[in-house]
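For reference, the structure discussed in these notes is given below.
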Amino acid sequence: MRPSPSKRADPAFTSAEACKTSSSRSRGRSRAISDMPKRAEPAFTSAEVRETSSPRSRGRSRAISDMPKRSEPAFTSAEVRETSGSRSRGRSRAISNAPNKRQPYGKLLAASGILLAVVLVSALMTTFLQAPNLDALADATAVPSVEPTPSPEPTITPTPAVYAPFGAQYGYGGANLIPDTPTPNPATSVPTAAPTDTPAPTAVPTRTLKKNSTGEDVKKLQQALIDLGYLADAADGTFGANTQEAVTRFQAVNGLSADGLAGAKTQELLYSGNALSADQAPKPDFLILVNRQHKLGKNDAPTDLVTIENVLSADIVKVKYSGTKADRTATEALGQMLSAAIADGVSNFQISSAYRTYSEQQKLVDNSVAKYRKNNPDWSRDRCLSATYNTVAPAGTSEHQTGLAFDITVPGVSFTGTQQQKWLHAHCAEYGFIVRFTAEKQKLTGFVAESWHFRYVGQEAAAVITQNGWCLEEYVEKMGL
């Protein structure tokens with residue numbers, strides 16, 4: 001029961017002290033408590049504290065209803081403030097001292113919560129702080145070993161017996177019926193081949209041999225040419241005209257540049273033992289067609305060249321340029337023709353040109369172009385080159401590269417209209433020659449008329465061409481060559 005207000009003692013705090021205590025809530029409860037006077041005697045008795053705390057648990061509505069009319073307040077302002085200050089001193093003390101029936105259940109719930117927290121913390125520590133099982137991890141990450149597959153036992157195939165009777169291999173009749181396999185006789189073994197001697201390397205030549213060279217290396221060169229049938233003279237150690245011809249022929253037959261100079265390639269092939277001999281030289285093709293459409297290569301050369309001066313004497317013909325070469329067969333036919341003309345009283349012949357290499361032909365083209373440019377400064381090089389090709393064949397398109405063509409002239413005189421020209425035109429076919437370029441066949445041959453240009457084709461072909469009035473292009477086409 002709430003005590004009667006009339007019996008209550010005076011409040012322990014004045015109004016000012018209560019205000020100070022209330023305001024201390026905004027400045028911190030610690031400071032408010034420190035300003036409070038010493039509690040020699042409690043402001044409220046135990047019954048009053050329990051009475052004050054009890055209405056809070058039952059609801060304020062009920063406390064207010066039991067209060068008397070406000071003519072006389074149930075509590076003074078000091079009591080109200082004291083009640084409010086009691087909250088700052090901790091609700092736990094008020095509740096612990098109050099006779100509340102729900103207090104045991106609260107303690108039970110608190111204890112249960114603490115126990116549950118301890119269990120959870122222990123479980124977590126056990127889970128996360130437990131030392132890892134290294135053996136288990138190793139077992140989890142280890143590659144499973146594969147049991148090796150046993151190799152099958154090899155099947156032993158019995159060696160068939162020599163002359164064994166039927167069924168003996170199955171045991172019919174006993175093993176004594178199968179004779180032992182004979183052992184090879186060492187005397188009948190295959191002999192081991194004897195090692196082949198390695199040929200000694202070919203010595204590399206130290207210099208290029210040419211006309212007028214002398215020495216032991218020249219003598220060695222001459223002997224090699226004699227052995228292959230290219231040189232008929234003795235090996236005297238002097239590089240003369242005959243040696244030069246032999247070198248030129250050797251080069252032509254073996255596909256080298258036929259310049260008559262015995263350089264490194266020529267000597268290496270000559271001493272290698274793999275060179276073609278003179279007897280293996282291909283036969284000359286006297287009907288070979290060479291023009292702007294049918295060209296020769298840079299290294300194409302006749303296989304049987306000779307120096308004209310060495311075959312024909314100066315009484316028969318004069319050679320304008322010493323050392324001029326031509327095909328042997330054609331040169332011999334030329335000598336027979338000129339000898340017949342001389343017998344008929346026509347002489348004073350000159351060979352202005354015969355065999356020319358590819359590079360020599362190119363020089364003629366370049367010299368002609370330079371001459372046209374000098375005489376016609378306003379001409380372009382293409383125009384000078386076009387004018388040159390009217391009279392000079394481009395390199396590779398000249399018959400002179402075959403060694404079968406001769407430019408026959410009269411020294412110091414224009415050849416056309418001379419008795420020499422007329423006699424040759426009338427009788428050349430009898431000796432296997434034709435006049436290669438005529439005005440009538442210019443469109444077919446591609447060259448302007450050249451009355452001095454004679455081409456050896458052989459007597460049979462020359463007769464047919466002359467009789468039918470053909471050029472060589474027509475003869476090759478009509479004869480299906």
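Chain identifiers are assigned as A, B, and so on, following the order in which chains appear in the structure tokens; residues are numbered from 1 within each chain, and ligands are numbered from 1 in order of appearance.
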| request: List every residue of region 243-465 of chain A that DSSP, applied to the backbone of this structure, assigns to alpha helix (DSSP H), and report them as a PyMOL selection string. | output: chain A and resi 243-253+264-272+308-311+328-343+358-375+381-388+419-427+442-445+459-465
Check your understanding: Which distance in Å separates CA of Leu276 (chain A) and CA of Glu245 (chain A), to one decimal?
Key ->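 Straight-line distance from CA of Leu276 (chain A) to CA of Glu245 (chain A) works out to 16.1 Å.
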Counting only C-alpha atoms, the option among A:Ala110, A:Ile434, A:Leu338, A:Val448 closest to Ala387 (chain A):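 Of A:Ala110, A:Ile434, A:Leu338, A:Val448, the one nearest Ala387 (chain A), counting only C-alpha atoms, is A:Val448.
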Within 10 Å of Ala393 (chain A), counting only C-alpha atoms, which residues show up once you throw out same-chain ones fewer than 5 positions away? Write them as an MDAnalysis selection string, please. chainID A and resid 291:292 361:362 364:365 388 398:400 446:447
Keeping only C-alpha atoms, write the selected residues to a file as a PDB file, in the first residue's frame.
```
ATOM      1  CA  ASN A 291      66.668 -14.572-135.750  1.00  0.00           C
ATOM      2  CA  ARG A 292      64.739 -12.137-133.553  1.00  0.00           C
ATOM      3  CA  GLN A 361      77.595  -8.657-130.482  1.00  0.00           C
ATOM      4  CA  GLN A 362      76.381  -6.489-127.618  1.00  0.00           C
ATOM      5  CA  LEU A 364      78.526  -3.683-131.681  1.00  0.00           C
ATOM      6  CA  VAL A 365      75.025  -2.619-130.622  1.00  0.00           C
ATOM      7  CA  THR A 388      70.689   0.437-134.855  1.00  0.00           C
ATOM      8  CA  SER A 398      72.930 -12.860-134.773  1.00  0.00           C
ATOM      9  CA  GLU A 399      73.925 -15.810-136.976  1.00  0.00           C
ATOM     10  CA  HIS A 400      77.566 -14.923-136.358  1.00  0.00           C
ATOM     11  CA  GLY A 446      63.596  -9.230-140.058  1.00  0.00           C
ATOM     12  CA  PHE A 447      66.796  -7.742-141.516  1.00  0.00           C
TER      13      PHE A 447
END
```
Near region 319-326 of chain A, within 6 Å and counting only C-alpha atoms, which residues show up once chain neighbours fewer than 4 positions away are dropped, as a ChimeraX atom specification?
/A:305-308,350-352,354-355,403
Store the residues picked out above, limited to N, CA and C atoms, as a compact mmCIF listing (two decimals), in the first residue's frame.
```txt
# COMPACT_ATOMS: atom_id res chain seq x y z
N LEU A 305 85.21 -24.82 -133.39
CA LEU A 305 85.72 -23.57 -133.95
C LEU A 305 87.19 -23.70 -134.31
N VAL A 306 87.57 -23.00 -135.35
CA VAL A 306 88.98 -22.91 -135.76
C VAL A 306 89.30 -21.48 -136.11
N THR A 307 90.58 -21.18 -136.06
CA THR A 307 91.02 -19.86 -136.49
C THR A 307 91.20 -19.90 -138.01
N ILE A 308 90.53 -19.00 -138.67
CA ILE A 308 90.50 -19.02 -140.14
C ILE A 308 91.91 -18.95 -140.71
N GLN A 350 88.07 -10.65 -148.83
CA GLN A 350 88.43 -10.34 -147.44
C GLN A 350 87.31 -10.82 -146.51
N ILE A 351 87.69 -11.40 -145.36
CA ILE A 351 86.71 -11.80 -144.34
C ILE A 351 86.67 -10.68 -143.30
N SER A 352 85.59 -9.95 -143.32
CA SER A 352 85.44 -8.84 -142.36
C SER A 352 84.93 -9.31 -141.00
N ALA A 354 83.29 -13.11 -138.87
CA ALA A 354 82.81 -14.50 -138.86
C ALA A 354 82.18 -14.76 -137.48
N TYR A 355 82.77 -15.64 -136.70
CA TYR A 355 82.19 -15.96 -135.39
C TYR A 355 82.32 -14.79 -134.43
N GLY A 403 78.93 -19.38 -135.78
CA GLY A 403 80.19 -19.70 -136.45
C GLY A 403 80.00 -20.16 -137.88
```
_When DSSP is applied to the backbone of this structure, which of region 220-363 of chain A are assigned strand (DSSP E)? Write them out as a list of chain:residue names._
A:Leu305, A:Val306, A:Thr307, A:Lys318, A:Val319, A:Lys325, A:Ala326, A:Asp327, A:Gln350, A:Ile351, A:Ser352, A:Ser353
Write the residues of the preceding selection, restricted to C-alpha atoms, as a PDB file, in the first residue's frame.
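Produced file selection23.pdb, reproduced below:
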```pdb
ATOM      1  CA  LEU A 305      85.719 -23.573-133.950  1.00  0.00           C
ATOM      2  CA  VAL A 306      88.979 -22.915-135.762  1.00  0.00           C
ATOM      3  CA  THR A 307      91.024 -19.862-136.490  1.00  0.00           C
ATOM      4  CA  LYS A 318      92.596 -11.888-146.234  1.00  0.00           C
ATOM      5  CA  VAL A 319      91.300 -11.843-142.669  1.00  0.00           C
ATOM      6  CA  LYS A 325      87.265 -17.927-135.849  1.00  0.00           C
ATOM      7  CA  ALA A 326      84.577 -19.943-137.572  1.00  0.00           C
ATOM      8  CA  ASP A 327      83.170 -23.451-137.740  1.00  0.00           C
ATOM      9  CA  GLN A 350      88.430 -10.336-147.439  1.00  0.00           C
ATOM     10  CA  ILE A 351      86.715 -11.800-144.338  1.00  0.00           C
ATOM     11  CA  SER A 352      85.444  -8.836-142.358  1.00  0.00           C
ATOM     12  CA  SER A 353      83.613 -10.887-139.743  1.00  0.00           C
TER      13      SER A 353
END
```
With only C-alpha atoms as the counted atoms, please give the residues lying no more than 8 Å from Leu424 (chain A), apart from itself and same-chain residues fewer than 4 positions off, as JSON, numbers by chain.
{"A": [341, 420, 428]}
Please, could you write that set of residues out with C-alpha atoms as a PDB file, in the first residue's frame?
```pdb
ATOM      1  CA  ALA A 341      86.562 -17.963-157.786  1.00  0.00           C
ATOM      2  CA  GLN A 420      83.318 -10.642-156.409  1.00  0.00           C
ATOM      3  CA  CYS A 428      77.717 -19.983-153.505  1.00  0.00           C
TER       4      CYS A 428
END
```
Residues near region 412-417 of chain A, cut-off 8 Å, only C-alpha atoms, skip fewer than 3 positions along chain, as a list of chain:residue names
A:Thr409, A:Gln420, A:Gln421, A:Lys422, A:Ser451, A:Trp452
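Here CA of Val435 (chain A) stands at a distance of 27.3 Å from CA of Arg249 (chain A).
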Just how far from CA of Leu472 (chain A) is CA of Val457 (chain A), in Å to one decimal?
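We find that CA of Val457 (chain A) and CA of Leu472 (chain A) lie 8.9 Å from each other.
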The residue from A:Glu473, A:Asp344, A:Asp366, A:Glu268 with the smallest atom-to-atom distance to Arg207 (chain A), counting only C-alpha atoms, is A:Glu268
Tell me which protein, DNA and RNA residues are within 8 Å of Phe239 (chain A), counting only C-alpha atoms, leaving out same-chain ones fewer than 6 positions away, and put them as a PDB file with N, CA and C atoms, in the first residue's frame.
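Output below, filename around_13.pdb:
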```pdb
ATOM      1  N   LEU A 209      95.579 -19.209-117.784  1.00  0.00           N
ATOM      2  CA  LEU A 209      96.510 -19.429-118.895  1.00  0.00           C
ATOM      3  C   LEU A 209      95.900 -18.896-120.177  1.00  0.00           C
ATOM      4  N   LYS A 210      96.671 -18.188-120.937  1.00  0.00           N
ATOM      5  CA  LYS A 210      96.204 -17.599-122.185  1.00  0.00           C
ATOM      6  C   LYS A 210      97.342 -17.601-123.203  1.00  0.00           C
ATOM      7  N   LYS A 211      97.069 -17.054-124.370  1.00  0.00           N
ATOM      8  CA  LYS A 211      98.048 -17.062-125.459  1.00  0.00           C
ATOM      9  C   LYS A 211      99.348 -16.384-125.010  1.00  0.00           C
ATOM     10  N   ASN A 212     100.471 -17.038-125.363  1.00  0.00           N
ATOM     11  CA  ASN A 212     101.836 -16.607-125.032  1.00  0.00           C
ATOM     12  C   ASN A 212     102.242 -16.957-123.601  1.00  0.00           C
ATOM     13  N   SER A 213     101.368 -17.626-122.827  1.00  0.00           N
ATOM     14  CA  SER A 213     101.771 -18.092-121.496  1.00  0.00           C
ATOM     15  C   SER A 213     102.729 -19.277-121.655  1.00  0.00           C
ATOM     16  N   THR A 214     103.668 -19.421-120.732  1.00  0.00           N
ATOM     17  CA  THR A 214     104.611 -20.531-120.759  1.00  0.00           C
ATOM     18  C   THR A 214     104.775 -21.086-119.358  1.00  0.00           C
ATOM     19  N   VAL A 218     101.336 -24.801-118.272  1.00  0.00           N
ATOM     20  CA  VAL A 218     100.884 -24.815-119.663  1.00  0.00           C
ATOM     21  C   VAL A 218     101.108 -26.204-120.261  1.00  0.00           C
TER      22      VAL A 218
END
```
The residue from A:Met337, A:Cys384, A:Ala395, A:Leu481 with the smallest atom-to-atom distance to Glu430 (chain A), counting only C-alpha atoms, is A:Met337
